[in-house]
Amino acid sequence: MFKFNKVFLAVAATLFAGQALAAPVTQAQINTARTANTLKETWISGNSAPTYNVFQGFAAGCDANTLSVFNNGSSTTAVRPGASAASNFLAYACVRGGNVSVVYHTIDGGSFNAYAPHIPNDVDGDGVFGTTNLRRIAKLGANSACVAQTGTLSLPNQTAIPSYRSCAIVTPATAPDGATALPAGGFSDVEAALFGISTDGYGTEANANVGQVFGIATSTSLYRAMQVAQGIYASVGAANTADPDYLPANAPSISHAQYASIVSGTAADASIVVPGSTAALNLARRVATSGTQASSNATFLRNPCNGDAVIGGILAPVRAADSTSTLIITEGSGTGNAKSALSTSGFAIGVLSLENNWRTDTSSNGYRYIKLDNVHPEAPIAGSGQTVDANARYTAAQGLYDFHMEMKSFVANSAAGTFGETVINEIVGAFTGLDCAEVPRGLTVNPFAGSSCTVGQVVAKGSRNGNNCQAQQLF
C-alpha cells in the first residue's frame with residue numbers, strides 16, 4: 001500500500017507540474033529557471049516587416065497555453081507584435097519541451113541590425129568602424145517596469161496570451177544586466193551584400209522564404225497633382241470629389257526612370273512628376289542601414305548590383321547633405337520618420353514597405369501609394385469584385401509588380417549550436433506553415449518554400465533565387 005501511494009504521489013506530482021506549466025509563463029518562473037540554470041534565452045534583431053511572423057514562428061514551438069508577450073509600448077490594451085503600439089522592443093516567453101524559454105526581439109533601426117552587432121562596418125558613414133551596440137527589453141525575471149495590459153492575444157495552441165507593456169530597455173554592451181549580451185542573429189529585408197558587407201567569417205546567411213513588397217508613396221497633395229498632370233481628373237477639386245478613397249485604379253503612375261532621377265539627384269524639383277511645376281519636392285529616404293533604402297538602391301540605382309568597375313553601372317543615392325531649395329532630402333532612421341515626412345501639405349515622395357497601410361494608421365497617415373510603371377501594389381485580385389487588395393501582395397505574387405524583395409535570415413558564428421540558432425531556424429521553418437490568412441499584409445511566401453497557400457495570391461509565382469540583384473523569374 002505504501003509503495004502504491006508513493007507511485008501515485010509521484011504520478012500526481014508530475015501531472016500537477018504539467019498543469020502548472022500549462023499556463024502563461026511569468027517573470028517569477030523566468031527568474032526561477034535562470035537561478036536553476038535551466039533557462040533557454042536568446043535575442044534576435046533586424047527588420048520589422050515579419051515581426052508577427054517571427055512571433056508566430058516562436059509560438060509554434062511552445063507548449064500549449066504557456067506563451068507570454070512583453071513590449072516597451074504604452075498601450076493599455078494588448079497589442080500583437082508588429083503593431084506600432086507594441087514598440088520596436090519585444091520579448092516572448094513560453095515553455096518549450098519542458099524548459100522555460102525567452103526570446104528578446106529588437107526591430108529598432110531596421111534590417112542591417114541583423115548583421116551590425118557582429119560584422120565590423122561603417123555602413124552608416126559616420127567614420128566609426130566597428131560593431132553596433134543594440135538595445136533590447138531588459139532582463140526578464142527582474143523587469144519590474146512591465147505592466148499587464150488588459151485583454152489577451154491568441155494563436156493556435158495558445159488561447160489566452162497575456163501581454164505586458166512599458167518594460168524597461170537596456171543596452172547590454174554598455175550596461176550588462178545578466179541576460180543574453182548579444183543577438184544570435186535575425187532577419188533582413190535584403191542580403192548583407194546589398195549593404196556592401198560580407199558575412200564570410202561572421203555567420204551564416206540563408207533564405208527566409210518570405211518576400212516583401214515595397215511601394216512608392218507620395219503626400220496626398222502630390223498624389224492629386226499627379227492625377228491632374230496625367231489627365232486622370234481635370235482638377236484637384238474634381239479628384240477629391242470623384243476619388244475620395246484613393247482607389248488603386250485611379251492612382252497616378254511613376255516610371256522607374258522618373259524615380260531613379262529623383263533618388264539620384266538629377267531631378268531639380270517637382271516638375272519631374274508634375275510637368276510645369278516649380279514647387280519643391282521632398283524626398284523622404286531612409287538611412288543607409290535601412291533595408292527599405294537598400295531595396296530602393298538596388299531596384300532603381302542598380303546599387304550595388306552593377307558594381308563592376310569596368311561596367312560602371314551603379315548610381316549613388318542622394319543624401320540629406322545634397323539638398324537644394326527645390327529638392328529637399330530627409331533621412332529617417334525608421335518607418336515612422338518616413339511616414340511623417342510624407343504626411344506633409346507639400347509635395348513629398350519616398351519608399352515604404354506595404355506592411356504600412358494608410359487606411360489603418362492612426363497617425364502620420366497622409367501618404368498614398370501610387371503605381372509603378374502603371375502597376376499598383378494594392379490592385380485587387382482579378383475577378384474578386386474588390387477595389388483594393390487589403391493584403392497588398394496580389395500584383396507582386398503574380399509577377400506583375402516587380403518591387404518585391406526576398407528576405408534573409410542570419411545566424412552569427414557565436415550562436416552556432418545554441419538555442420538562438422535553433423530558434424531562428426525554427427522560425428524560418430514555421431514561415432511556410434503559417435495559416436494563409438495570417439500571412440501579414442505586404443508579405444508573400446516564396447514558391448520554393450512548400451507552402452500550401454494559393455499560388456499567385458499568397459505564394460509568389462516568381463523568385464529572385466535568393467539574390468535580390470537578380471531579375472525575378474516566374475515558375
# chains A, B, ... in the order shown; residues from 1 in each chain; ligands from 1
call {"tool": "residues_around", "arguments": {"residues": "range 297-313 of chain A", "least_positions_apart": "2", "cutoff": "12 Å", "atoms": "only C-alpha atoms", "output": "PyMOL selection string"}}
result
chain A and resi 189-197+214-216+255-265+285-295+315-318+351+372+402-405+467-472
call {"tool": "select_by_dssp", "arguments": {"residues": "range 178-252 of chain A", "states": "strand (DSSP E or B)", "output": "PyMOL selection string"}}
result
chain A and resi 185-188+203-219
call {"tool": "residues_around", "arguments": {"residues": "range 88-91 of chain A", "least_positions_apart": "4", "cutoff": "10 Å", "atoms": "only C-alpha atoms", "output": "PyMOL selection string"}}
result
chain A and resi 42-45+47-48+51+55+68-73+81-84+102-110+135-140+163-169
call {"tool": "write_last_selection", "arguments": {"atoms": "N, CA, C and O atoms", "output": "compact mmCIF listing (two decimals), in the first residue's frame"}}
result
# COMPACT_ATOMS: atom_id res chain seq x y z
N THR A 42 17.56 33.78 -25.69
CA THR A 42 18.30 34.30 -26.83
C THR A 42 17.72 35.64 -27.24
O THR A 42 16.73 36.12 -26.68
N TRP A 43 18.32 36.24 -28.27
CA TRP A 43 17.96 37.58 -28.72
C TRP A 43 18.11 37.63 -30.23
O TRP A 43 19.11 37.15 -30.77
N ILE A 44 17.08 38.15 -30.94
CA ILE A 44 17.17 38.33 -32.38
C ILE A 44 16.87 39.78 -32.73
O ILE A 44 16.19 40.48 -31.99
N SER A 45 17.39 40.23 -33.87
CA SER A 45 17.26 41.63 -34.27
C SER A 45 17.08 41.73 -35.78
O SER A 45 17.22 40.75 -36.50
N ASN A 47 14.84 43.46 -39.25
CA ASN A 47 13.75 44.20 -39.88
C ASN A 47 12.42 44.04 -39.14
O ASN A 47 12.22 43.13 -38.35
N SER A 48 11.51 44.96 -39.46
CA SER A 48 10.22 44.97 -38.76
C SER A 48 9.11 44.23 -39.50
O SER A 48 8.15 43.76 -38.87
N THR A 51 7.66 40.85 -38.24
CA THR A 51 7.61 40.73 -36.78
C THR A 51 6.55 39.74 -36.31
O THR A 51 6.80 38.88 -35.46
N PHE A 55 7.03 36.17 -34.34
CA PHE A 55 6.28 35.84 -33.13
C PHE A 55 5.55 34.51 -33.30
O PHE A 55 5.60 33.63 -32.44
N SER A 68 3.72 34.07 -23.21
CA SER A 68 3.52 35.44 -22.73
C SER A 68 4.31 36.39 -23.61
O SER A 68 5.33 36.00 -24.20
N VAL A 69 3.85 37.65 -23.71
CA VAL A 69 4.46 38.64 -24.58
C VAL A 69 4.78 39.90 -23.77
O VAL A 69 4.00 40.30 -22.90
N PHE A 70 5.91 40.53 -24.09
CA PHE A 70 6.35 41.73 -23.39
C PHE A 70 6.74 42.79 -24.43
O PHE A 70 7.30 42.46 -25.48
N ASN A 71 6.45 44.06 -24.15
CA ASN A 71 6.85 45.12 -25.07
C ASN A 71 7.17 46.40 -24.30
O ASN A 71 6.93 46.50 -23.09
N ASN A 72 7.71 47.37 -25.02
CA ASN A 72 8.10 48.66 -24.44
C ASN A 72 7.08 49.75 -24.76
O ASN A 72 7.30 50.92 -24.47
N GLY A 73 5.95 49.37 -25.38
CA GLY A 73 4.93 50.34 -25.75
C GLY A 73 4.13 50.83 -24.55
O GLY A 73 4.34 50.40 -23.41
N PRO A 81 2.49 41.74 -31.50
CA PRO A 81 3.79 42.13 -32.02
C PRO A 81 3.70 42.49 -33.50
O PRO A 81 3.03 41.83 -34.28
N GLY A 82 4.37 43.56 -33.87
CA GLY A 82 4.30 44.06 -35.24
C GLY A 82 3.44 45.29 -35.36
O GLY A 82 3.64 46.10 -36.27
N ALA A 83 2.50 45.47 -34.45
CA ALA A 83 1.69 46.70 -34.42
C ALA A 83 2.56 47.83 -33.88
O ALA A 83 3.39 47.62 -33.00
N SER A 84 2.36 49.04 -34.41
CA SER A 84 3.19 50.17 -33.99
C SER A 84 3.09 50.41 -32.49
O SER A 84 4.06 50.81 -31.85
N VAL A 102 13.02 32.19 -23.36
CA VAL A 102 12.80 33.62 -23.63
C VAL A 102 13.51 34.01 -24.92
O VAL A 102 14.67 33.64 -25.13
N VAL A 103 12.81 34.76 -25.76
CA VAL A 103 13.42 35.39 -26.94
C VAL A 103 13.19 36.89 -26.85
O VAL A 103 12.03 37.34 -26.80
N TYR A 104 14.25 37.65 -26.82
CA TYR A 104 14.17 39.11 -26.94
C TYR A 104 14.18 39.44 -28.43
O TYR A 104 14.91 38.81 -29.20
N HIS A 105 13.38 40.42 -28.84
CA HIS A 105 13.25 40.73 -30.27
C HIS A 105 13.32 42.24 -30.46
O HIS A 105 12.40 42.97 -30.07
N THR A 106 14.42 42.70 -31.06
CA THR A 106 14.63 44.13 -31.33
C THR A 106 14.46 44.39 -32.81
O THR A 106 15.18 43.82 -33.63
N ILE A 107 13.49 45.26 -33.16
CA ILE A 107 13.31 45.65 -34.56
C ILE A 107 13.64 47.12 -34.77
O ILE A 107 13.35 47.69 -35.80
N ASP A 108 14.28 47.72 -33.80
CA ASP A 108 14.67 49.13 -33.87
C ASP A 108 15.88 49.28 -34.79
O ASP A 108 16.85 48.54 -34.68
N GLY A 109 15.81 50.24 -35.71
CA GLY A 109 16.96 50.53 -36.56
C GLY A 109 16.98 49.82 -37.89
O GLY A 109 17.80 50.14 -38.75
N GLY A 110 16.13 48.82 -38.10
CA GLY A 110 16.00 48.23 -39.42
C GLY A 110 16.82 47.00 -39.70
O GLY A 110 17.48 46.42 -38.83
N ARG A 135 19.90 47.88 -28.35
CA ARG A 135 19.11 47.81 -27.13
C ARG A 135 18.09 46.67 -27.24
O ARG A 135 17.73 46.25 -28.32
N ARG A 136 17.63 46.24 -26.10
CA ARG A 136 16.57 45.22 -26.03
C ARG A 136 15.79 45.41 -24.73
O ARG A 136 16.16 46.22 -23.87
N ILE A 137 14.68 44.66 -24.59
CA ILE A 137 13.96 44.61 -23.33
C ILE A 137 14.94 44.15 -22.25
O ILE A 137 15.70 43.21 -22.46
N ALA A 138 14.94 44.83 -21.12
CA ALA A 138 15.84 44.45 -20.04
C ALA A 138 15.48 43.07 -19.49
O ALA A 138 14.38 42.55 -19.71
N LYS A 139 16.39 42.50 -18.76
CA LYS A 139 16.31 41.11 -18.30
C LYS A 139 14.94 40.76 -17.71
O LYS A 139 14.50 41.33 -16.71
N LEU A 140 14.28 39.82 -18.39
CA LEU A 140 13.01 39.33 -17.84
C LEU A 140 13.29 38.43 -16.64
O LEU A 140 14.27 37.69 -16.62
N SER A 163 -0.19 39.96 -22.29
CA SER A 163 0.78 40.90 -22.85
C SER A 163 1.10 41.97 -21.83
O SER A 163 0.20 42.47 -21.14
N TYR A 164 2.37 42.33 -21.73
CA TYR A 164 2.84 43.30 -20.75
C TYR A 164 3.50 44.48 -21.47
O TYR A 164 4.27 44.30 -22.43
N ARG A 165 3.21 45.68 -21.03
CA ARG A 165 3.72 46.91 -21.65
C ARG A 165 4.74 47.60 -20.75
O ARG A 165 4.99 47.20 -19.62
N SER A 166 5.34 48.67 -21.31
CA SER A 166 6.22 49.59 -20.57
C SER A 166 7.44 48.93 -19.97
O SER A 166 8.04 49.45 -19.02
N CYS A 167 7.83 47.76 -20.50
CA CYS A 167 9.02 47.08 -19.98
C CYS A 167 10.26 47.94 -20.22
O CYS A 167 10.42 48.55 -21.29
N ALA A 168 11.14 47.99 -19.25
CA ALA A 168 12.37 48.76 -19.38
C ALA A 168 13.26 48.16 -20.45
O ALA A 168 13.23 46.95 -20.70
N ILE A 169 14.05 49.01 -21.08
CA ILE A 169 15.01 48.54 -22.09
C ILE A 169 16.43 48.86 -21.63
O ILE A 169 16.64 49.71 -20.77
call {"tool": "closest_residue", "arguments": {"among": "A:Ser414, A:Thr324, A:Ser144, A:Thr444", "to": "Glu355 in chain A", "atoms": "only C-alpha atoms"}}
result
A:Thr444
call {"tool": "closest_residue", "arguments": {"among": "A:Ala320, A:Ala229, A:Ala64, A:Val100", "to": "Thr35 in chain A", "atoms": "only C-alpha atoms"}}
result
A:Val100
call {"tool": "residues_around", "arguments": {"residues": "Thr362 in chain A", "least_positions_apart": "4", "cutoff": "12 Å", "atoms": "only C-alpha atoms", "output": "list in words"}}
result
Ala83, Ser84, Ala85, Gly336, Lys339, Ser340, Asn356, Asn357, Trp358 and Gly366 of chain A
call {"tool": "select_by_dssp", "arguments": {"residues": "range 240-349 of chain A", "states": "alpha helix (DSSP H)", "output": "ChimeraX atom specification"}}
result
/A:240-242,256-264,291-301,335-342
call {"tool": "write_last_selection", "arguments": {"atoms": "N, CA and C atoms", "output": "PDB file, in the first residue's frame"}}
result
ATOM      1  N   ASN A 240     -10.771  65.142 -55.771  1.00  0.00           N
ATOM      2  CA  ASN A 240     -11.255  64.980 -54.401  1.00  0.00           C
ATOM      3  C   ASN A 240     -12.693  64.475 -54.380  1.00  0.00           C
ATOM      4  N   THR A 241     -13.497  64.968 -55.322  1.00  0.00           N
ATOM      5  CA  THR A 241     -14.911  64.577 -55.372  1.00  0.00           C
ATOM      6  C   THR A 241     -15.087  63.161 -55.928  1.00  0.00           C
ATOM      7  N   ALA A 242     -14.397  62.858 -57.009  1.00  0.00           N
ATOM      8  CA  ALA A 242     -14.602  61.580 -57.694  1.00  0.00           C
ATOM      9  C   ALA A 242     -13.826  60.423 -57.067  1.00  0.00           C
ATOM     10  N   HIS A 256      10.158  53.838 -63.485  1.00  0.00           N
ATOM     11  CA  HIS A 256      11.450  53.567 -62.869  1.00  0.00           C
ATOM     12  C   HIS A 256      12.426  54.707 -63.150  1.00  0.00           C
ATOM     13  N   ALA A 257      12.409  55.189 -64.381  1.00  0.00           N
ATOM     14  CA  ALA A 257      13.349  56.249 -64.766  1.00  0.00           C
ATOM     15  C   ALA A 257      13.075  57.540 -64.001  1.00  0.00           C
ATOM     16  N   GLN A 258      11.802  57.870 -63.828  1.00  0.00           N
ATOM     17  CA  GLN A 258      11.471  59.079 -63.072  1.00  0.00           C
ATOM     18  C   GLN A 258      11.941  58.977 -61.626  1.00  0.00           C
ATOM     19  N   TYR A 259      11.651  57.835 -61.002  1.00  0.00           N
ATOM     20  CA  TYR A 259      12.043  57.727 -59.598  1.00  0.00           C
ATOM     21  C   TYR A 259      13.565  57.645 -59.451  1.00  0.00           C
ATOM     22  N   ALA A 260      14.231  56.964 -60.395  1.00  0.00           N
ATOM     23  CA  ALA A 260      15.692  56.924 -60.372  1.00  0.00           C
ATOM     24  C   ALA A 260      16.274  58.329 -60.489  1.00  0.00           C
ATOM     25  N   SER A 261      15.644  59.168 -61.273  1.00  0.00           N
ATOM     26  CA  SER A 261      16.126  60.542 -61.443  1.00  0.00           C
ATOM     27  C   SER A 261      15.979  61.345 -60.158  1.00  0.00           C
ATOM     28  N   ILE A 262      14.926  61.052 -59.409  1.00  0.00           N
ATOM     29  CA  ILE A 262      14.729  61.755 -58.135  1.00  0.00           C
ATOM     30  C   ILE A 262      15.760  61.304 -57.115  1.00  0.00           C
ATOM     31  N   VAL A 263      15.903  59.978 -56.962  1.00  0.00           N
ATOM     32  CA  VAL A 263      16.761  59.479 -55.882  1.00  0.00           C
ATOM     33  C   VAL A 263      18.251  59.547 -56.217  1.00  0.00           C
ATOM     34  N   SER A 264      18.576  59.822 -57.475  1.00  0.00           N
ATOM     35  CA  SER A 264      19.985  60.046 -57.832  1.00  0.00           C
ATOM     36  C   SER A 264      20.327  61.525 -57.833  1.00  0.00           C
ATOM     37  N   GLY A 291      16.876  48.464 -44.602  1.00  0.00           N
ATOM     38  CA  GLY A 291      16.606  47.522 -45.680  1.00  0.00           C
ATOM     39  C   GLY A 291      15.722  48.127 -46.744  1.00  0.00           C
ATOM     40  N   THR A 292      14.835  49.036 -46.342  1.00  0.00           N
ATOM     41  CA  THR A 292      13.998  49.748 -47.315  1.00  0.00           C
ATOM     42  C   THR A 292      14.877  50.569 -48.245  1.00  0.00           C
ATOM     43  N   GLN A 293      15.874  51.256 -47.676  1.00  0.00           N
ATOM     44  CA  GLN A 293      16.776  52.055 -48.500  1.00  0.00           C
ATOM     45  C   GLN A 293      17.624  51.165 -49.407  1.00  0.00           C
ATOM     46  N   ALA A 294      18.113  50.054 -48.861  1.00  0.00           N
ATOM     47  CA  ALA A 294      18.903  49.129 -49.677  1.00  0.00           C
ATOM     48  C   ALA A 294      18.072  48.562 -50.822  1.00  0.00           C
ATOM     49  N   SER A 295      16.787  48.299 -50.561  1.00  0.00           N
ATOM     50  CA  SER A 295      15.902  47.791 -51.610  1.00  0.00           C
ATOM     51  C   SER A 295      15.705  48.821 -52.704  1.00  0.00           C
ATOM     52  N   SER A 296      15.529  50.080 -52.309  1.00  0.00           N
ATOM     53  CA  SER A 296      15.387  51.172 -53.275  1.00  0.00           C
ATOM     54  C   SER A 296      16.654  51.339 -54.098  1.00  0.00           C
ATOM     55  N   ASN A 297      17.797  51.317 -53.433  1.00  0.00           N
ATOM     56  CA  ASN A 297      19.069  51.481 -54.147  1.00  0.00           C
ATOM     57  C   ASN A 297      19.254  50.393 -55.206  1.00  0.00           C
ATOM     58  N   ALA A 298      18.948  49.155 -54.827  1.00  0.00           N
ATOM     59  CA  ALA A 298      19.141  48.039 -55.752  1.00  0.00           C
ATOM     60  C   ALA A 298      18.176  48.110 -56.925  1.00  0.00           C
ATOM     61  N   THR A 299      16.917  48.480 -56.640  1.00  0.00           N
ATOM     62  CA  THR A 299      15.875  48.470 -57.673  1.00  0.00           C
ATOM     63  C   THR A 299      16.020  49.615 -58.652  1.00  0.00           C
ATOM     64  N   PHE A 300      16.286  50.810 -58.165  1.00  0.00           N
ATOM     65  CA  PHE A 300      16.262  51.991 -59.037  1.00  0.00           C
ATOM     66  C   PHE A 300      17.645  52.475 -59.459  1.00  0.00           C
ATOM     67  N   LEU A 301      18.665  52.220 -58.649  1.00  0.00           N
ATOM     68  CA  LEU A 301      20.002  52.742 -58.948  1.00  0.00           C
ATOM     69  C   LEU A 301      20.981  51.634 -59.312  1.00  0.00           C
ATOM     70  N   THR A 335      10.609  53.809 -40.108  1.00  0.00           N
ATOM     71  CA  THR A 335       9.442  53.986 -40.968  1.00  0.00           C
ATOM     72  C   THR A 335       8.615  55.180 -40.522  1.00  0.00           C
ATOM     73  N   GLY A 336       8.508  55.369 -39.218  1.00  0.00           N
ATOM     74  CA  GLY A 336       7.733  56.488 -38.697  1.00  0.00           C
ATOM     75  C   GLY A 336       8.253  57.820 -39.189  1.00  0.00           C
ATOM     76  N   ASN A 337       9.581  57.940 -39.302  1.00  0.00           N
ATOM     77  CA  ASN A 337      10.170  59.180 -39.822  1.00  0.00           C
ATOM     78  C   ASN A 337       9.761  59.414 -41.269  1.00  0.00           C
ATOM     79  N   ALA A 338       9.789  58.330 -42.053  1.00  0.00           N
ATOM     80  CA  ALA A 338       9.419  58.455 -43.464  1.00  0.00           C
ATOM     81  C   ALA A 338       7.951  58.826 -43.615  1.00  0.00           C
ATOM     82  N   LYS A 339       7.076  58.184 -42.839  1.00  0.00           N
ATOM     83  CA  LYS A 339       5.643  58.483 -42.929  1.00  0.00           C
ATOM     84  C   LYS A 339       5.357  59.914 -42.482  1.00  0.00           C
ATOM     85  N   SER A 340       6.071  60.374 -41.492  1.00  0.00           N
ATOM     86  CA  SER A 340       5.898  61.754 -41.037  1.00  0.00           C
ATOM     87  C   SER A 340       6.311  62.737 -42.121  1.00  0.00           C
ATOM     88  N   ALA A 341       7.439  62.450 -42.792  1.00  0.00           N
ATOM     89  CA  ALA A 341       7.916  63.335 -43.853  1.00  0.00           C
ATOM     90  C   ALA A 341       6.974  63.337 -45.049  1.00  0.00           C
ATOM     91  N   LEU A 342       6.311  62.197 -45.284  1.00  0.00           N
ATOM     92  CA  LEU A 342       5.375  62.105 -46.409  1.00  0.00           C
ATOM     93  C   LEU A 342       4.028  62.744 -46.087  1.00  0.00           C
TER      94      LEU A 342
END
call {"tool": "residues_around", "arguments": {"residues": "Ala382 in chain A", "least_positions_apart": "5", "cutoff": "10 Å", "atoms": "only C-alpha atoms", "output": "number ranges by chain"}}
result
A: 389, 394-395
call {"tool": "atom_distance", "arguments": {"atom1": "CA of Ala390 in chain A", "atom2": "CA of Ser353 in chain A"}}
result
13.9 Å
